[in-house]
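Student: What follows is the file work-v1.tsv, containing TSV, C-alpha atoms:
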chain	number	residue	atom	x	y	z
A	1	MET	CA	-2.85	-112.33	-0.21
A	2	THR	CA	-5.27	-111.64	-3.04
A	3	ALA	CA	-4.79	-110.93	-6.73
A	4	THR	CA	-5.69	-107.28	-6.18
A	5	ASN	CA	-2.70	-106.46	-3.98
A	6	VAL	CA	0.07	-108.33	-5.85
A	7	ASN	CA	1.83	-107.42	-9.08
A	8	PRO	CA	1.59	-110.62	-11.17
A	9	ILE	CA	4.77	-109.73	-13.08
A	10	LEU	CA	8.38	-110.09	-11.93
A	11	ASN	CA	11.33	-109.79	-14.27
A	12	LEU	CA	14.02	-112.43	-13.70
A	13	ALA	CA	16.59	-109.63	-13.41
A	14	ASP	CA	14.72	-108.44	-10.30
A	15	VAL	CA	14.57	-111.79	-8.46
A	16	GLU	CA	16.22	-111.57	-5.04
A	17	MET	CA	18.76	-114.40	-4.91
A	18	ILE	CA	20.03	-116.02	-1.71
A	19	ASP	CA	23.02	-118.30	-1.24
A	20	LEU	CA	21.98	-121.96	-0.85
A	21	ALA	CA	24.75	-122.69	1.69
A	22	GLU	CA	23.60	-119.75	3.82
A	23	ARG	CA	19.99	-120.94	3.59
A	24	ALA	CA	21.11	-124.40	4.75
A	25	ARG	CA	22.93	-122.86	7.75
A	26	GLN	CA	19.83	-120.82	8.65
A	27	ARG	CA	17.85	-124.06	8.73
A	28	GLY	CA	20.43	-125.74	10.97
A	29	GLY	CA	22.30	-127.75	8.32
A	30	GLU	CA	25.58	-127.65	6.47
A	31	MET	CA	25.65	-128.06	2.68
A	32	PRO	CA	28.62	-130.16	1.40
A	33	ALA	CA	30.46	-127.43	-0.54
A	34	ALA	CA	32.41	-129.84	-2.74
A	35	ARG	CA	29.28	-131.00	-4.62
A	36	PHE	CA	26.55	-128.48	-3.87
A	37	GLY	CA	26.17	-124.73	-4.07
A	38	GLY	CA	24.58	-121.86	-5.87
A	39	ARG	CA	21.87	-119.31	-5.38
A	40	ILE	CA	18.09	-119.50	-5.46
A	41	GLY	CA	15.37	-116.88	-5.68
A	42	ALA	CA	11.70	-117.33	-4.83
A	43	ILE	CA	9.27	-116.09	-7.47
A	44	GLY	CA	5.89	-117.68	-6.73
A	45	PRO	CA	5.04	-115.81	-3.51
A	46	LYS	CA	6.21	-112.52	-5.03
A	47	ILE	CA	3.71	-112.74	-7.92
A	48	GLY	CA	0.79	-114.19	-5.95
A	49	ALA	CA	1.06	-117.85	-7.04
A	50	TYR	CA	-0.36	-120.42	-4.66
A	51	LYS	CA	-0.92	-123.61	-6.69
A	52	LEU	CA	2.43	-123.51	-8.47
A	53	GLY	CA	5.86	-122.84	-7.01
A	54	TYR	CA	8.41	-120.93	-9.07
A	55	ASN	CA	12.06	-120.20	-8.44
A	56	LEU	CA	15.17	-119.12	-10.27
A	57	THR	CA	18.27	-121.20	-9.57
A	58	GLU	CA	21.86	-120.38	-10.46
A	59	LEU	CA	24.59	-123.01	-10.21
A	60	ALA	CA	28.35	-122.47	-10.24
A	61	PRO	CA	30.39	-124.80	-12.47
A	62	GLY	CA	30.60	-128.31	-11.02
A	63	LYS	CA	27.75	-127.80	-8.55
A	64	ALA	CA	24.20	-129.06	-8.00
A	65	ALA	CA	21.58	-127.23	-5.95
A	66	PHE	CA	19.97	-130.32	-4.41
A	67	PRO	CA	20.62	-134.04	-3.99
A	68	LYS	CA	19.05	-136.41	-6.50
A	69	HIS	CA	15.44	-136.86	-5.38
A	70	SER	CA	11.95	-137.85	-6.45
A	71	HIS	CA	8.54	-136.55	-5.42
A	72	ARG	CA	5.53	-138.78	-4.76
A	73	ALA	CA	3.01	-135.89	-5.04
A	74	ASN	CA	4.60	-133.01	-6.94
A	75	GLU	CA	5.59	-132.58	-10.55
A	76	GLU	CA	8.46	-130.29	-11.51
A	77	MET	CA	9.42	-128.59	-14.74
A	78	PHE	CA	12.75	-126.91	-15.43
A	79	TYR	CA	13.63	-124.45	-18.19
A	80	VAL	CA	17.37	-123.95	-18.74
A	81	ILE	CA	17.92	-120.23	-19.33
A	82	GLU	CA	21.69	-120.27	-19.75
A	83	GLY	CA	24.62	-122.62	-19.37
A	84	ASP	CA	25.22	-126.32	-19.89
A	85	GLY	CA	24.87	-129.24	-17.59
A	86	GLU	CA	23.51	-132.68	-17.09
A	87	LEU	CA	20.29	-134.12	-15.80
A	88	ARG	CA	20.49	-137.27	-13.73
A	89	TYR	CA	17.07	-138.87	-14.22
A	90	GLY	CA	16.32	-142.36	-12.92
A	91	ASP	CA	19.28	-144.49	-14.07
A	92	ALA	CA	20.07	-142.26	-17.07
A	93	THR	CA	22.11	-139.09	-17.55
A	94	TYR	CA	21.22	-136.48	-20.19
A	95	SER	CA	23.08	-133.41	-21.45
A	96	VAL	CA	21.10	-130.18	-21.07
A	97	ARG	CA	21.68	-126.68	-22.44
A	98	ALA	CA	20.03	-123.30	-22.70
A	99	GLY	CA	16.54	-123.58	-24.17
A	100	ASP	CA	15.85	-127.10	-22.88
A	101	VAL	CA	12.57	-127.84	-21.06
A	102	ILE	CA	12.69	-130.75	-18.61
A	103	ALA	CA	9.73	-132.69	-17.17
A	104	CYS	CA	10.03	-134.48	-13.83
A	105	PRO	CA	6.68	-136.11	-13.02
A	106	PRO	CA	5.90	-137.62	-9.62
A	107	GLY	CA	7.10	-141.15	-8.98
A	108	GLY	CA	9.77	-143.18	-7.25
A	109	PRO	CA	13.40	-143.92	-8.12
A	110	ASP	CA	12.53	-144.01	-11.83
A	111	THR	CA	11.78	-140.25	-11.77
A	112	ALA	CA	14.49	-139.21	-9.29
A	113	HIS	CA	16.28	-136.20	-10.74
A	114	GLN	CA	19.17	-133.79	-10.23
A	115	LEU	CA	20.56	-130.95	-12.34
A	116	ILE	CA	24.34	-130.43	-12.28
A	117	ASN	CA	26.31	-127.63	-13.93
A	118	THR	CA	28.98	-129.40	-15.99
A	119	GLY	CA	29.90	-126.28	-17.97
A	120	ALA	CA	32.53	-123.58	-17.40
A	121	THR	CA	30.05	-120.75	-16.75
A	122	PRO	CA	27.10	-120.33	-14.37
A	123	MET	CA	23.98	-122.32	-15.25
A	124	ARG	CA	20.61	-120.64	-14.63
A	125	TYR	CA	17.23	-122.33	-14.76
A	126	LEU	CA	13.62	-121.61	-13.94
A	127	ALA	CA	11.92	-124.26	-11.80
A	128	VAL	CA	8.14	-124.66	-11.69
A	129	SER	CA	6.44	-127.12	-9.35
A	130	THR	CA	2.97	-128.11	-8.33
A	131	MET	CA	2.48	-127.41	-4.64
A	132	ALA	CA	0.75	-130.61	-3.56
A	133	PHE	CA	0.96	-131.54	0.11
A	134	PRO	CA	1.43	-133.80	1.92
A	135	GLU	CA	4.56	-134.80	0.03
A	136	ILE	CA	7.08	-137.62	0.30
A	137	CYS	CA	10.51	-137.11	-1.26
A	138	GLU	CA	12.96	-139.96	-1.72
A	139	TYR	CA	16.74	-139.56	-2.05
A	140	PRO	CA	18.18	-142.68	-3.74
A	141	ASP	CA	21.87	-141.71	-3.35
A	142	SER	CA	21.62	-141.40	0.45
A	143	ASN	CA	18.63	-143.72	1.12
A	144	LYS	CA	16.61	-140.97	2.84
A	145	LEU	CA	12.90	-140.14	3.02
A	146	ASN	CA	11.41	-136.70	3.67
A	147	ALA	CA	7.75	-136.33	4.66
A	148	ILE	CA	6.41	-132.77	4.64
A	149	THR	CA	3.05	-131.05	4.87
A	150	GLY	CA	4.21	-127.64	3.62
A	151	PHE	CA	6.88	-124.96	3.89
A	152	GLY	CA	5.28	-122.71	6.50
A	153	PRO	CA	5.95	-122.36	10.21
A	154	GLY	CA	4.38	-125.25	12.11
A	155	ASP	CA	4.20	-127.55	9.08
A	156	PHE	CA	5.30	-131.14	9.68
A	157	ARG	CA	8.72	-132.19	8.36
A	158	GLN	CA	10.37	-135.55	9.04
A	159	LEU	CA	13.65	-136.48	7.35
A	160	GLU	CA	15.12	-139.88	8.07
A	161	ARG	CA	17.19	-142.65	6.58
A	162	ARG	CA	15.28	-145.71	5.47
A	163	GLY	CA	15.56	-148.51	7.97
A	164	GLU	CA	13.73	-151.50	9.26
A	165	GLY	CA	10.56	-149.53	9.94
A	166	LEU	CA	8.05	-150.31	12.61
A	167	ASP	CA	5.03	-152.53	12.87
A	168	TYR	CA	1.80	-150.52	12.67
A	169	TRP	CA	0.89	-151.54	16.26
A	170	ASP	CA	4.35	-150.92	17.73
A	171	GLY	CA	4.07	-148.99	21.04
A	172	GLU	CA	0.26	-149.13	21.15
A	173	ALA	CA	-0.12	-151.89	23.80
Just dump the structure as structure tokens.

Tutor:
Amino acid sequence: MTATNVNPILNLADVEMIDLAERARQRGGEMPAARFGGRIGAIGPKIGAYKLGYNLTELAPGKAAFPKHSHRANEEMFYVIEGDGELRYGDATYSVRAGDVIACPPGGPDTAHQLINTGATPMRYLAVSTMAFPEICEYPDSNKLNAITGFGPGDFRQLERRGEGLDYWDGEA
């Protein structure tokens, strides 16, 4: 894809939204409906972006789109378009509302983050992320690690719970 064959403009009203629970089922998983849910729409590929990822996320009251997580390679920024909620960030919790800009730099548990709609109406936000790979994501609430090399077919993805680990030379004798 080159800049000459892509319209670099997409109005948020025209973003195609998909249900997060349906997306999880398509990928072979089942999203816990009590805590998670909403809709997400890809923007970056539609406007020709390749170094930044963009998406529009809409959360129903009481829901989060993703578990609390941190990125070792990528930085994320969120802009709250409408609604109220809270940001879990490291060990702190912050109230957020329409107009707030949120920075989530790469790091470990100290930068782990999660947006939750605590209001009575849908919460919508724009997410922007660097697209640095390989990437390691950590999930402090569930003690998981996710290693990924990208989002395309054939890219490496390994999700596992932290454990004892292996010695570097294990299985090499």

Student: Do a neighbour search on range 78-87 of chain A at 10 Å with only C-alpha atoms, toss out local chain neighbours closer than 4 positions, and write the hits as number ranges by chain.

Tutor: A: 54-64, 68, 92-104, 113-129

Student: So how many Å separate CA of Pro109 in chain A and CA of Arg23 in chain A, to one decimal?

Tutor: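 Here the two named atoms are 26.6 Å from each other.
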
Student: Point out the residue among A:Asp167, A:Glu160, A:Glu75, A:Asp14 with the least atom-to-atom distance to Asn146 in chain A, counting all atoms listed in the file.

Tutor: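 Among the listed residues, the smallest separation from Asn146 in chain A belongs to A:Glu160.
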
Student: What is the CA of Ile43 in chain A to CA of Asn74 in chain A distance in Å?

Tutor: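 Distance between the two atoms: 17.6 Å.
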
Student: Do you know which residues are at most 12 Å from range 142-144 of chain A counting all atoms listed in the file, after dropping those on the same chain fewer than 3 positions away, and could you put them as a list in words?

Tutor: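 Here the qualifying residues turn out to be Pro67, Lys68, His69, Ser70, Pro109, Ile136, Cys137, Glu138, Tyr139, Ala147, Gln158, Leu159, Glu160, Arg161, Arg162 and Gly163 of chain A.
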
Student: Taking only C-alpha atoms into account, which of A:Gly53, A:Gly28, A:Gly38, A:Pro105 comes nearest Met131 in chain A?

Tutor: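 Using only C-alpha atoms, Met131 in chain A sits closest to A:Gly53.
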
Student: Give the answer as one residue: which of A:Glu22, A:Glu172, A:Glu135, A:Asp110 has the shortest atom-to-atom distance to Thr149 in chain A, using only C-alpha atoms?

Tutor: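 Smallest separation from Thr149 in chain A among the options: A:Glu135.
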
Student: Kindly provide, as an mmCIF file with C-alpha atoms, in the frame of the given file, the polymer residues lying within 6 Å of (21.2, -127.4, -5.4), counting all atoms listed in the file and using the coordinates exactly as they appear in the file.

Tutor:
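result15.cif written:
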data_model
loop_
_atom_site.group_PDB
_atom_site.id
_atom_site.type_symbol
_atom_site.label_atom_id
_atom_site.label_comp_id
_atom_site.auth_asym_id
_atom_site.auth_seq_id
_atom_site.Cartn_x
_atom_site.Cartn_y
_atom_site.Cartn_z
ATOM 1 C CA PHE A 36 26.550 -128.480 -3.870
ATOM 2 C CA GLY A 37 26.170 -124.730 -4.070
ATOM 3 C CA ALA A 64 24.200 -129.060 -8.000
ATOM 4 C CA ALA A 65 21.580 -127.230 -5.950
ATOM 5 C CA PHE A 66 19.970 -130.320 -4.410
#

Student: Between CA of Phe133 in chain A and CA of His71 in chain A, what is the distance in Å, rounded to a tenth?

Tutor: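 For CA of Phe133 in chain A relative to CA of His71 in chain A, the distance reads 10.6 Å.
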
Student: Pick out the closest residue to Asn5 in chain A from this set: A:Arg25, A:Ile47, A:Ala34, A:Leu20. Count only C-alpha atoms.

Tutor: A:Ile47

Student: Which is closest to Phe151 in chain A among A:Pro32, A:Gly165, A:Pro45, A:Gly171, if we use all atoms listed in the file?

Tutor: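 Among the listed residues, A:Pro45 lies closest to Phe151 in chain A.
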
Student: Between A:Met31, A:Met17, A:Ala132, A:Leu10, which is the closest to Glu76 in chain A once you count only C-alpha atoms?

Tutor: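 For Glu76 in chain A, the nearest of the candidates is A:Ala132.
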